[in-house]
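Shown next: final_16.pdb, given as PDB, C-alpha atoms, pLDDT in the B column.
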```
ATOM      1  CA  MET A   1      33.788 246.579 -12.655  1.00 57.00           C
ATOM      2  CA  ASN A   2      34.137 245.869  -8.946  1.00 78.00           C
ATOM      3  CA  ALA A   3      37.750 246.126  -7.793  1.00 77.00           C
ATOM      4  CA  ALA A   4      37.531 242.747  -6.013  1.00 78.00           C
ATOM      5  CA  LEU A   5      36.324 241.077  -9.213  1.00 84.00           C
ATOM      6  CA  VAL A   6      39.150 242.640 -11.202  1.00 81.00           C
ATOM      7  CA  GLU A   7      41.675 241.440  -8.641  1.00 85.00           C
ATOM      8  CA  SER A   8      40.189 237.934  -8.687  1.00 87.00           C
ATOM      9  CA  PHE A   9      40.317 237.898 -12.489  1.00 86.00           C
ATOM     10  CA  TYR A  10      43.995 238.796 -12.578  1.00 87.00           C
ATOM     11  CA  TRP A  11      44.719 236.299  -9.797  1.00 90.00           C
ATOM     12  CA  LEU A  12      43.228 233.548 -11.958  1.00 89.00           C
ATOM     13  CA  LEU A  13      45.424 234.586 -14.880  1.00 87.00           C
ATOM     14  CA  LEU A  14      48.630 234.328 -12.858  1.00 91.00           C
ATOM     15  CA  PRO A  15      50.765 231.171 -13.078  1.00 92.00           C
ATOM     16  CA  LEU A  16      50.586 228.652 -10.221  1.00 91.00           C
ATOM     17  CA  SER A  17      53.940 229.868  -8.933  1.00 88.00           C
ATOM     18  CA  GLY A  18      52.661 233.432  -8.647  1.00 83.00           C
ATOM     19  CA  SER A  19      55.104 234.664 -11.257  1.00 83.00           C
ATOM     20  CA  SER A  20      54.080 237.744 -13.206  1.00 76.00           C
ATOM     21  CA  THR A  21      54.824 236.066 -16.548  1.00 77.00           C
ATOM     22  CA  HIS A  22      53.873 232.766 -18.158  1.00 73.00           C
ATOM     23  CA  GLU A  23      55.785 231.678 -21.226  1.00 79.00           C
ATOM     24  CA  VAL A  24      55.890 228.141 -22.622  1.00 83.00           C
ATOM     25  CA  SER A  25      57.021 226.794 -25.955  1.00 88.00           C
ATOM     26  CA  ALA A  26      54.465 225.945 -28.623  1.00 90.00           C
ATOM     27  CA  TRP A  27      55.226 222.219 -28.433  1.00 90.00           C
ATOM     28  CA  MET A  28      54.660 222.184 -24.672  1.00 92.00           C
ATOM     29  CA  SER A  29      51.445 224.150 -24.990  1.00 93.00           C
ATOM     30  CA  TRP A  30      49.983 221.803 -27.598  1.00 96.00           C
ATOM     31  CA  HIS A  31      51.188 218.754 -25.709  1.00 96.00           C
ATOM     32  CA  GLY A  32      49.235 219.932 -22.685  1.00 95.00           C
ATOM     33  CA  ARG A  33      46.110 220.760 -24.674  1.00 96.00           C
ATOM     34  CA  LEU A  34      46.026 217.391 -26.384  1.00 98.00           C
ATOM     35  CA  MET A  35      46.620 215.473 -23.159  1.00 98.00           C
ATOM     36  CA  VAL A  36      43.859 217.367 -21.355  1.00 97.00           C
ATOM     37  CA  LEU A  37      41.484 216.748 -24.265  1.00 97.00           C
ATOM     38  CA  SER A  38      42.465 213.085 -24.339  1.00 98.00           C
ATOM     39  CA  TRP A  39      42.903 212.004 -20.710  1.00 98.00           C
ATOM     40  CA  GLY A  40      40.886 214.769 -19.136  1.00 97.00           C
ATOM     41  CA  LEU A  41      37.828 214.676 -21.393  1.00 97.00           C
ATOM     42  CA  LEU A  42      37.394 211.945 -24.028  1.00 97.00           C
ATOM     43  CA  LEU A  43      38.739 208.902 -22.185  1.00 98.00           C
ATOM     44  CA  PRO A  44      36.951 209.527 -18.849  1.00 98.00           C
ATOM     45  CA  LEU A  45      33.681 210.145 -20.686  1.00 97.00           C
ATOM     46  CA  GLY A  46      34.221 206.920 -22.608  1.00 97.00           C
ATOM     47  CA  VAL A  47      34.563 205.052 -19.317  1.00 97.00           C
ATOM     48  CA  LEU A  48      31.350 206.594 -17.956  1.00 97.00           C
ATOM     49  CA  VAL A  49      29.467 205.617 -21.107  1.00 97.00           C
ATOM     50  CA  ALA A  50      30.738 202.035 -20.983  1.00 96.00           C
ATOM     51  CA  ARG A  51      29.902 201.611 -17.310  1.00 97.00           C
ATOM     52  CA  PHE A  52      26.523 203.300 -17.074  1.00 97.00           C
ATOM     53  CA  PHE A  53      24.912 203.461 -20.516  1.00 97.00           C
ATOM     54  CA  LYS A  54      24.947 199.897 -21.833  1.00 96.00           C
ATOM     55  CA  VAL A  55      21.211 200.168 -21.290  1.00 96.00           C
ATOM     56  CA  MET A  56      20.036 203.614 -22.333  1.00 94.00           C
ATOM     57  CA  PRO A  57      17.481 205.637 -20.348  1.00 93.00           C
ATOM     58  CA  GLY A  58      14.030 204.734 -21.626  1.00 92.00           C
ATOM     59  CA  GLN A  59      15.185 201.465 -23.201  1.00 95.00           C
ATOM     60  CA  ASP A  60      12.695 198.666 -22.531  1.00 95.00           C
ATOM     61  CA  TRP A  61      15.284 196.272 -21.122  1.00 96.00           C
ATOM     62  CA  PRO A  62      15.312 193.251 -21.016  1.00 94.00           C
ATOM     63  CA  ARG A  63      12.749 193.125 -23.838  1.00 94.00           C
ATOM     64  CA  VAL A  64      15.004 195.361 -25.955  1.00 96.00           C
ATOM     65  CA  LEU A  65      18.586 194.090 -25.887  1.00 95.00           C
ATOM     66  CA  ASP A  66      22.030 194.816 -27.323  1.00 94.00           C
ATOM     67  CA  ASN A  67      21.845 198.583 -27.746  1.00 94.00           C
ATOM     68  CA  LYS A  68      25.081 199.308 -29.575  1.00 94.00           C
ATOM     69  CA  ARG A  69      25.116 203.084 -29.095  1.00 95.00           C
ATOM     70  CA  TRP A  70      27.169 202.782 -25.915  1.00 96.00           C
ATOM     71  CA  TRP A  71      29.674 200.520 -27.653  1.00 96.00           C
ATOM     72  CA  LYS A  72      30.116 202.888 -30.595  1.00 96.00           C
ATOM     73  CA  ALA A  73      30.506 205.874 -28.267  1.00 96.00           C
ATOM     74  CA  HIS A  74      33.035 203.997 -26.144  1.00 97.00           C
ATOM     75  CA  LEU A  75      34.998 202.710 -29.137  1.00 96.00           C
ATOM     76  CA  HIS A  76      35.201 206.037 -30.959  1.00 96.00           C
ATOM     77  CA  GLY A  77      35.820 208.057 -27.802  1.00 96.00           C
ATOM     78  CA  GLN A  78      38.643 205.829 -26.626  1.00 97.00           C
ATOM     79  CA  SER A  79      40.139 205.534 -30.104  1.00 97.00           C
ATOM     80  CA  TRP A  80      40.248 209.299 -30.593  1.00 98.00           C
ATOM     81  CA  GLY A  81      41.487 209.775 -27.049  1.00 98.00           C
ATOM     82  CA  VAL A  82      44.424 207.417 -27.504  1.00 98.00           C
ATOM     83  CA  ALA A  83      45.202 208.870 -30.950  1.00 98.00           C
ATOM     84  CA  LEU A  84      45.356 212.414 -29.557  1.00 98.00           C
ATOM     85  CA  ALA A  85      47.536 211.207 -26.692  1.00 98.00           C
ATOM     86  CA  VAL A  86      49.965 209.626 -29.168  1.00 98.00           C
ATOM     87  CA  VAL A  87      50.200 212.940 -31.032  1.00 98.00           C
ATOM     88  CA  GLY A  88      50.765 214.656 -27.692  1.00 97.00           C
ATOM     89  CA  VAL A  89      53.654 212.306 -26.953  1.00 96.00           C
ATOM     90  CA  ALA A  90      55.136 212.920 -30.406  1.00 96.00           C
ATOM     91  CA  LEU A  91      55.194 216.651 -29.708  1.00 95.00           C
ATOM     92  CA  ILE A  92      57.471 216.254 -26.685  1.00 92.00           C
ATOM     93  CA  TRP A  93      59.734 213.621 -28.202  1.00 90.00           C
ATOM     94  CA  GLY A  94      63.347 214.699 -27.900  1.00 84.00           C
ATOM     95  CA  HIS A  95      62.688 217.513 -25.408  1.00 82.00           C
ATOM     96  CA  ALA A  96      63.625 215.651 -22.219  1.00 77.00           C
ATOM     97  CA  ALA A  97      67.157 217.050 -21.980  1.00 75.00           C
ATOM     98  CA  GLY A  98      67.656 219.209 -18.900  1.00 74.00           C
ATOM     99  CA  ALA A  99      64.275 218.298 -17.442  1.00 80.00           C
ATOM    100  CA  THR A 100      63.662 219.178 -13.795  1.00 89.00           C
ATOM    101  CA  GLN A 101      62.828 216.516 -11.221  1.00 92.00           C
ATOM    102  CA  GLN A 102      59.167 217.469 -11.441  1.00 92.00           C
ATOM    103  CA  ALA A 103      59.278 217.135 -15.216  1.00 93.00           C
ATOM    104  CA  GLN A 104      61.003 213.764 -14.926  1.00 94.00           C
ATOM    105  CA  LEU A 105      58.317 212.540 -12.517  1.00 96.00           C
ATOM    106  CA  HIS A 106      55.629 213.848 -14.857  1.00 96.00           C
ATOM    107  CA  GLY A 107      57.295 211.978 -17.700  1.00 95.00           C
ATOM    108  CA  ALA A 108      57.566 208.725 -15.741  1.00 96.00           C
ATOM    109  CA  VAL A 109      53.892 208.806 -14.792  1.00 97.00           C
ATOM    110  CA  GLY A 110      52.936 209.830 -18.313  1.00 97.00           C
ATOM    111  CA  TRP A 111      54.835 206.949 -19.900  1.00 97.00           C
ATOM    112  CA  SER A 112      53.146 204.557 -17.472  1.00 98.00           C
ATOM    113  CA  VAL A 113      49.786 205.892 -18.588  1.00 98.00           C
ATOM    114  CA  MET A 114      50.669 205.477 -22.255  1.00 98.00           C
ATOM    115  CA  ALA A 115      51.935 201.951 -21.632  1.00 98.00           C
ATOM    116  CA  LEU A 116      48.593 201.057 -20.073  1.00 98.00           C
ATOM    117  CA  ALA A 117      46.816 202.653 -23.030  1.00 98.00           C
ATOM    118  CA  GLY A 118      48.832 200.456 -25.358  1.00 97.00           C
ATOM    119  CA  VAL A 119      47.918 197.356 -23.366  1.00 97.00           C
ATOM    120  CA  GLN A 120      44.247 198.373 -23.502  1.00 97.00           C
ATOM    121  CA  VAL A 121      44.343 198.741 -27.279  1.00 96.00           C
ATOM    122  CA  LEU A 122      46.054 195.383 -27.777  1.00 96.00           C
ATOM    123  CA  ALA A 123      43.723 193.663 -25.327  1.00 94.00           C
ATOM    124  CA  GLY A 124      40.704 195.134 -27.094  1.00 94.00           C
ATOM    125  CA  LEU A 125      41.911 193.812 -30.438  1.00 95.00           C
ATOM    126  CA  ALA A 126      42.494 190.363 -28.903  1.00 95.00           C
ATOM    127  CA  ARG A 127      39.348 190.169 -26.767  1.00 95.00           C
ATOM    128  CA  GLY A 128      38.048 187.176 -28.710  1.00 95.00           C
ATOM    129  CA  SER A 129      34.869 186.367 -30.587  1.00 96.00           C
ATOM    130  CA  LYS A 130      31.385 187.454 -29.528  1.00 96.00           C
ATOM    131  CA  GLY A 131      29.013 184.603 -30.346  1.00 96.00           C
ATOM    132  CA  GLY A 132      25.489 184.428 -28.982  1.00 95.00           C
ATOM    133  CA  PRO A 133      21.949 184.167 -30.390  1.00 93.00           C
ATOM    134  CA  THR A 134      22.330 187.387 -32.390  1.00 86.00           C
ATOM    135  CA  GLU A 135      25.420 186.134 -34.241  1.00 91.00           C
ATOM    136  CA  PRO A 136      25.773 183.554 -37.040  1.00 91.00           C
ATOM    137  CA  THR A 137      27.745 181.326 -34.663  1.00 92.00           C
ATOM    138  CA  LEU A 138      26.315 180.708 -31.194  1.00 95.00           C
ATOM    139  CA  ARG A 139      29.622 179.722 -29.649  1.00 95.00           C
ATOM    140  CA  GLY A 140      31.984 182.591 -28.852  1.00 96.00           C
ATOM    141  CA  ASP A 141      34.496 183.778 -26.261  1.00 97.00           C
ATOM    142  CA  HIS A 142      32.103 186.327 -24.826  1.00 97.00           C
ATOM    143  CA  TYR A 143      28.885 184.325 -24.989  1.00 97.00           C
ATOM    144  CA  ASP A 144      30.547 181.235 -23.505  1.00 96.00           C
ATOM    145  CA  MET A 145      32.700 183.351 -21.162  1.00 96.00           C
ATOM    146  CA  THR A 146      35.842 181.401 -21.977  1.00 96.00           C
ATOM    147  CA  PRO A 147      38.891 181.745 -19.687  1.00 95.00           C
ATOM    148  CA  TRP A 148      40.390 184.165 -22.230  1.00 96.00           C
ATOM    149  CA  ARG A 149      37.330 186.411 -22.090  1.00 96.00           C
ATOM    150  CA  LYS A 150      37.181 186.278 -18.298  1.00 95.00           C
ATOM    151  CA  ALA A 151      40.806 187.438 -18.134  1.00 95.00           C
ATOM    152  CA  PHE A 152      40.082 190.219 -20.642  1.00 96.00           C
ATOM    153  CA  GLU A 153      37.099 191.489 -18.636  1.00 93.00           C
ATOM    154  CA  ARG A 154      39.098 191.689 -15.404  1.00 94.00           C
ATOM    155  CA  LEU A 155      42.233 193.232 -16.909  1.00 95.00           C
ATOM    156  CA  HIS A 156      40.464 195.673 -19.227  1.00 95.00           C
ATOM    157  CA  LYS A 157      38.417 197.205 -16.436  1.00 95.00           C
ATOM    158  CA  THR A 158      41.238 197.217 -13.882  1.00 96.00           C
ATOM    159  CA  PHE A 159      43.843 198.690 -16.225  1.00 97.00           C
ATOM    160  CA  GLY A 160      41.339 201.271 -17.457  1.00 97.00           C
ATOM    161  CA  TYR A 161      40.651 202.667 -14.003  1.00 97.00           C
ATOM    162  CA  VAL A 162      44.330 202.577 -13.025  1.00 98.00           C
ATOM    163  CA  ALA A 163      45.217 204.431 -16.235  1.00 98.00           C
ATOM    164  CA  LEU A 164      42.677 207.165 -15.456  1.00 97.00           C
ATOM    165  CA  LEU A 165      43.981 207.633 -11.919  1.00 97.00           C
ATOM    166  CA  LEU A 166      47.558 207.846 -13.170  1.00 98.00           C
ATOM    167  CA  ALA A 167      46.454 210.218 -15.931  1.00 98.00           C
ATOM    168  CA  MET A 168      44.925 212.573 -13.375  1.00 97.00           C
ATOM    169  CA  THR A 169      48.258 212.545 -11.552  1.00 97.00           C
ATOM    170  CA  ALA A 170      50.189 213.177 -14.771  1.00 97.00           C
ATOM    171  CA  LEU A 171      47.914 216.067 -15.743  1.00 98.00           C
ATOM    172  CA  ALA A 172      48.265 217.672 -12.326  1.00 97.00           C
ATOM    173  CA  LEU A 173      52.053 217.349 -12.494  1.00 97.00           C
ATOM    174  CA  GLY A 174      51.995 218.738 -16.025  1.00 96.00           C
ATOM    175  CA  LEU A 175      50.227 221.872 -14.843  1.00 96.00           C
ATOM    176  CA  VAL A 176      52.921 222.378 -12.216  1.00 95.00           C
ATOM    177  CA  VAL A 177      55.758 221.736 -14.670  1.00 93.00           C
ATOM    178  CA  ALA A 178      54.300 224.214 -17.171  1.00 93.00           C
ATOM    179  CA  ASP A 179      53.502 226.667 -14.367  1.00 93.00           C
ATOM    180  CA  ALA A 180      50.049 226.916 -15.904  1.00 93.00           C
ATOM    181  CA  PRO A 181      47.623 229.730 -15.131  1.00 93.00           C
ATOM    182  CA  ARG A 182      45.595 229.142 -12.005  1.00 95.00           C
ATOM    183  CA  TRP A 183      42.300 229.091 -13.874  1.00 95.00           C
ATOM    184  CA  MET A 184      43.448 225.996 -15.753  1.00 95.00           C
ATOM    185  CA  ALA A 185      44.155 224.076 -12.560  1.00 96.00           C
ATOM    186  CA  LEU A 186      40.884 225.174 -10.979  1.00 97.00           C
ATOM    187  CA  GLY A 187      38.908 224.363 -14.123  1.00 97.00           C
ATOM    188  CA  LEU A 188      40.433 220.905 -14.466  1.00 97.00           C
ATOM    189  CA  GLY A 189      39.915 220.228 -10.772  1.00 96.00           C
ATOM    190  CA  ALA A 190      36.264 221.269 -11.008  1.00 98.00           C
ATOM    191  CA  TRP A 191      35.805 218.996 -14.032  1.00 97.00           C
ATOM    192  CA  TRP A 192      37.212 216.042 -12.096  1.00 97.00           C
ATOM    193  CA  VAL A 193      34.810 216.768  -9.256  1.00 98.00           C
ATOM    194  CA  VAL A 194      31.947 216.715 -11.779  1.00 98.00           C
ATOM    195  CA  LEU A 195      33.150 213.400 -13.209  1.00 97.00           C
ATOM    196  CA  VAL A 196      33.546 211.724  -9.820  1.00 97.00           C
ATOM    197  CA  THR A 197      30.206 213.081  -8.578  1.00 98.00           C
ATOM    198  CA  THR A 198      28.475 211.859 -11.725  1.00 98.00           C
ATOM    199  CA  PHE A 199      30.112 208.445 -11.346  1.00 98.00           C
ATOM    200  CA  VAL A 200      28.948 208.097  -7.747  1.00 98.00           C
ATOM    201  CA  TRP A 201      25.433 209.307  -8.573  1.00 98.00           C
ATOM    202  CA  LEU A 202      24.983 206.951 -11.529  1.00 97.00           C
ATOM    203  CA  GLN A 203      26.348 204.052  -9.476  1.00 97.00           C
ATOM    204  CA  ALA A 204      23.857 204.816  -6.696  1.00 97.00           C
ATOM    205  CA  GLN A 205      21.057 204.942  -9.287  1.00 95.00           C
ATOM    206  CA  GLY A 206      21.822 201.363 -10.301  1.00 93.00           C
ATOM    207  CA  ARG A 207      22.864 202.359 -13.806  1.00 94.00           C
ATOM    208  CA  CYS A 208      25.788 199.909 -13.886  1.00 95.00           C
ATOM    209  CA  ILE A 209      24.227 196.987 -15.750  1.00 93.00           C
ATOM    210  CA  ASP A 210      26.358 194.005 -16.618  1.00 92.00           C
ATOM    211  CA  THR A 211      27.659 193.929 -20.204  1.00 94.00           C
ATOM    212  CA  TYR A 212      26.638 190.333 -20.719  1.00 95.00           C
ATOM    213  CA  GLN A 213      23.060 190.921 -19.568  1.00 95.00           C
ATOM    214  CA  ALA A 214      22.812 194.187 -21.501  1.00 96.00           C
ATOM    215  CA  ILE A 215      23.529 192.201 -24.674  1.00 96.00           C
ATOM    216  CA  TRP A 216      21.674 188.927 -24.051  1.00 95.00           C
ATOM    217  CA  GLY A 217      19.431 189.557 -21.059  1.00 95.00           C
ATOM    218  CA  PRO A 218      19.339 188.003 -17.573  1.00 94.00           C
ATOM    219  CA  ASP A 219      17.918 184.594 -18.550  1.00 94.00           C
ATOM    220  CA  VAL A 220      19.918 181.762 -16.946  1.00 93.00           C
ATOM    221  CA  CYS A 221      19.753 179.823 -20.211  1.00 93.00           C
ATOM    222  CA  HIS A 222      22.741 181.881 -21.321  1.00 95.00           C
ATOM    223  CA  PRO A 223      26.029 180.348 -20.089  1.00 95.00           C
ATOM    224  CA  GLY A 224      27.459 183.638 -18.836  1.00 93.00           C
ATOM    225  CA  ASN A 225      24.504 184.186 -16.518  1.00 93.00           C
ATOM    226  CA  GLN A 226      25.358 180.961 -14.720  1.00 89.00           C
ATOM    227  CA  MET A 227      28.640 182.506 -13.560  1.00 84.00           C
ATOM    228  CA  LYS A 228      29.435 185.092 -10.927  1.00 70.00           C
ATOM    229  CA  LYS A 229      28.715 188.630 -12.064  1.00 63.00           C
ATOM    230  CA  GLU A 230      32.270 189.924 -11.638  1.00 51.00           C
ATOM    231  CA  THR A 231      33.513 187.486 -14.289  1.00 49.00           C
ATOM    232  CA  ARG A 232      31.181 188.770 -16.997  1.00 52.00           C
TER     233      ARG A 232
END
```
Give the structure from the file, written as structure tokens.
Amino acid sequence: MNAALVESFYWLLLPLSGSSTHEVSAWMSWHGRLMVLSWGLLLPLGVLVARFFKVMPGQDWPRVLDNKRWWKAHLHGQSWGVALAVVGVALIWGHAAGATQQAQLHGAVGWSVMALAGVQVLAGLARGSKGGPTEPTLRGDHYDMTPWRKAFERLHKTFGYVALLLAMTALALGLVVADAPRWMALGLGAWWVVLVTTFVWLQAQGRCIDTYQAIWGPDVCHPGNQMKKETR
């Protein structure tokens, strides 16, 4: 093997600090793995699905409406993501004594992220009724776009994006606190670049179709289509 490649390989294995050793406790290691799986993989993918795949590629929209595959993917992805994050928090419970300033900052950001996750779960459970032509009852919070549903739409999206940005910060701080191998930081950074690039590309392709219209179509006979798009 080329000497330069061997040197690069060992450089990637070294901790961020450049130390020759990297030792972390089992609870810290599993905490990091679960948080990366949750906030680094499942939850961001769930956001991408909800934003850009309400109408699937090849779907004959608006003739074919209310494709629920995006909703199921979003629901299950976010549910598993939050569940894994809760387990990750449980693993570090009681280990805050003697934490460094970096660890304390990581913890503060992490708790903020989890608080937002809790708000998202509660808001989702209290989002109101659906209604619409495909339901037994036409009237519903979503179909009628009641004030409660309008507030949910704004807060759910805003808190979701804020939570992801804070989660990226918490994950980066976590890598520093754990003095993780360099390949982990580079790999996670590359993954974030892929996510952001994909987001920008899909947005430019016009893939972000309104939830309301994805379910019921763009006809102005529906009450939600008589309102400004950002409220739907």
Pick from A:Gly88, A:Gly187, A:Gly174, A:Gly124, whichever lies nearest to His156 (chain A) using all atoms listed in the file: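 Among A:Gly88, A:Gly187, A:Gly174, A:Gly124, it is A:Gly124 that comes nearest to His156 (chain A).
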Explicit residue set for the PyMOL selection byres ((chain A and resi 180) around 12), as a ChimeraX atom specification: /A:12-24,28-29,32-33,171-179,181-188
Run the PyMOL selection byres ((chain A and resi 98-106) around 7) against the file shown and list the residues it catches, as a compact mmCIF listing (two decimals) with C-alpha atoms, in the frame of the given file.
```
# COMPACT_ATOMS: atom_id res chain seq x y z
CA ALA A 96 63.62 215.65 -22.22
CA ALA A 97 67.16 217.05 -21.98
CA GLY A 107 57.30 211.98 -17.70
CA ALA A 108 57.57 208.72 -15.74
CA VAL A 109 53.89 208.81 -14.79
CA GLY A 110 52.94 209.83 -18.31
CA ALA A 170 50.19 213.18 -14.77
CA LEU A 173 52.05 217.35 -12.49
CA GLY A 174 52.00 218.74 -16.02
CA VAL A 177 55.76 221.74 -14.67
```
List as JSON lines every residue of region 48-165 of chain A that is in contact with region 209-214 of chain A, defined as an atom at most 12 Å from one of its atoms (using all atoms listed in the file), together with the nearest atom pair and the distance in Å rounded to one decimal, sorted by chain and then rising number.
```
{"residue": "A:Val49", "atom": "CA", "partner": "A:Ile209", "partner_atom": "CA", "distance": 11.4}
{"residue": "A:Ala50", "atom": "CA", "partner": "A:Thr211", "partner_atom": "CA", "distance": 8.7}
{"residue": "A:Arg51", "atom": "CA", "partner": "A:Ile209", "partner_atom": "CA", "distance": 7.5}
{"residue": "A:Phe52", "atom": "CA", "partner": "A:Ile209", "partner_atom": "CA", "distance": 6.8}
{"residue": "A:Phe53", "atom": "CA", "partner": "A:Ile209", "partner_atom": "CA", "distance": 8.1}
{"residue": "A:Lys54", "atom": "CA", "partner": "A:Ala214", "partner_atom": "CA", "distance": 6.1}
{"residue": "A:Val55", "atom": "CA", "partner": "A:Ala214", "partner_atom": "CA", "distance": 6.2}
{"residue": "A:Met56", "atom": "CA", "partner": "A:Ala214", "partner_atom": "CA", "distance": 9.9}
{"residue": "A:Pro57", "atom": "CA", "partner": "A:Ile209", "partner_atom": "CA", "distance": 11.9}
{"residue": "A:Gln59", "atom": "CA", "partner": "A:Ala214", "partner_atom": "CA", "distance": 10.7}
{"residue": "A:Asp60", "atom": "CA", "partner": "A:Ala214", "partner_atom": "CA", "distance": 11.1}
{"residue": "A:Trp61", "atom": "CA", "partner": "A:Ala214", "partner_atom": "CA", "distance": 7.8}
{"residue": "A:Pro62", "atom": "CA", "partner": "A:Ala214", "partner_atom": "CA", "distance": 7.6}
{"residue": "A:Arg63", "atom": "CA", "partner": "A:Ala214", "partner_atom": "CA", "distance": 10.4}
{"residue": "A:Val64", "atom": "CA", "partner": "A:Ala214", "partner_atom": "CA", "distance": 9.1}
{"residue": "A:Leu65", "atom": "CA", "partner": "A:Ala214", "partner_atom": "CA", "distance": 6.1}
{"residue": "A:Asp66", "atom": "CA", "partner": "A:Ala214", "partner_atom": "CA", "distance": 5.9}
{"residue": "A:Asn67", "atom": "CA", "partner": "A:Ala214", "partner_atom": "CA", "distance": 7.7}
{"residue": "A:Lys68", "atom": "CA", "partner": "A:Ala214", "partner_atom": "CA", "distance": 9.8}
{"residue": "A:Arg69", "atom": "CA", "partner": "A:Ala214", "partner_atom": "CA", "distance": 11.9}
{"residue": "A:Trp70", "atom": "CA", "partner": "A:Thr211", "partner_atom": "CA", "distance": 10.5}
{"residue": "A:Trp71", "atom": "CA", "partner": "A:Thr211", "partner_atom": "CA", "distance": 10.1}
{"residue": "A:Lys130", "atom": "CA", "partner": "A:Tyr212", "partner_atom": "CA", "distance": 10.4}
{"residue": "A:Gly131", "atom": "CA", "partner": "A:Tyr212", "partner_atom": "CA", "distance": 11.5}
{"residue": "A:Gly132", "atom": "CA", "partner": "A:Tyr212", "partner_atom": "CA", "distance": 10.2}
{"residue": "A:Asp141", "atom": "CA", "partner": "A:Tyr212", "partner_atom": "CA", "distance": 11.6}
{"residue": "A:His142", "atom": "CA", "partner": "A:Tyr212", "partner_atom": "CA", "distance": 7.9}
{"residue": "A:Tyr143", "atom": "CA", "partner": "A:Tyr212", "partner_atom": "CA", "distance": 7.7}
{"residue": "A:Asp144", "atom": "CA", "partner": "A:Tyr212", "partner_atom": "CA", "distance": 10.3}
{"residue": "A:Met145", "atom": "CA", "partner": "A:Tyr212", "partner_atom": "CA", "distance": 9.3}
{"residue": "A:Arg149", "atom": "CA", "partner": "A:Tyr212", "partner_atom": "CA", "distance": 11.5}
{"residue": "A:Lys150", "atom": "CA", "partner": "A:Tyr212", "partner_atom": "CA", "distance": 11.6}
{"residue": "A:Glu153", "atom": "CA", "partner": "A:Thr211", "partner_atom": "CA", "distance": 9.9}
{"residue": "A:Lys157", "atom": "CA", "partner": "A:Thr211", "partner_atom": "CA", "distance": 11.9}
```
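Comparing the minimum interatomic distances between Cys221 (chain A) and each of A:Pro133, A:Gly128, A:Gly118, A:Gly160, counting all atoms listed in the file, we find that A:Pro133 sits nearest.
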A:Ala90, A:Thr137, A:Arg127, A:Tyr161 ranked by distance to Gly46 (chain A), top pick (using all atoms listed in the file): A:Tyr161
Atomic separation - CA of Ala151 (chain A) relative to CA of Lys228 (chain A), Å: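 Between CA of Lys228 (chain A) and CA of Ala151 (chain A) the gap is 13.7 Å.
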Atomic separation - CA of Trp201 (chain A) relative to CA of Phe152 (chain A), Å: 26.9 Å
The PyMOL selection byres ((chain A and resi 119) around 12) resolved against shown file, as a PyMOL selection string: chain A and resi 82+112-118+120-127+152+155-160+163
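Relative to CA of Lys72 (chain A), CA of Gly40 (chain A) is found at 19.7 Å.
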Nearest to Met227 (chain A), chosen from A:Ile92, A:Leu48, A:Thr134, A:Thr146, with only C-alpha atoms counted in the distances: A:Thr146
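Take the candidates A:Pro44, A:Pro147, A:Gly189, A:Gly140 and check each one against Ala73 (chain A) using all atoms listed in the file; the shortest distance goes to A:Pro44.
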Taking all atoms of region 104-110 of chain A that the file lists, what box with edges along x, y and z, padded by 5 Å per side, do you get, with centre and edge lengths in Å to one decimal, as lines of an AutoDock Vina configuration file?
```
center_x = 57.0
center_y = 211.3
center_z = -15.4
size_x = 18.1
size_y = 15.1
size_z = 15.8
```
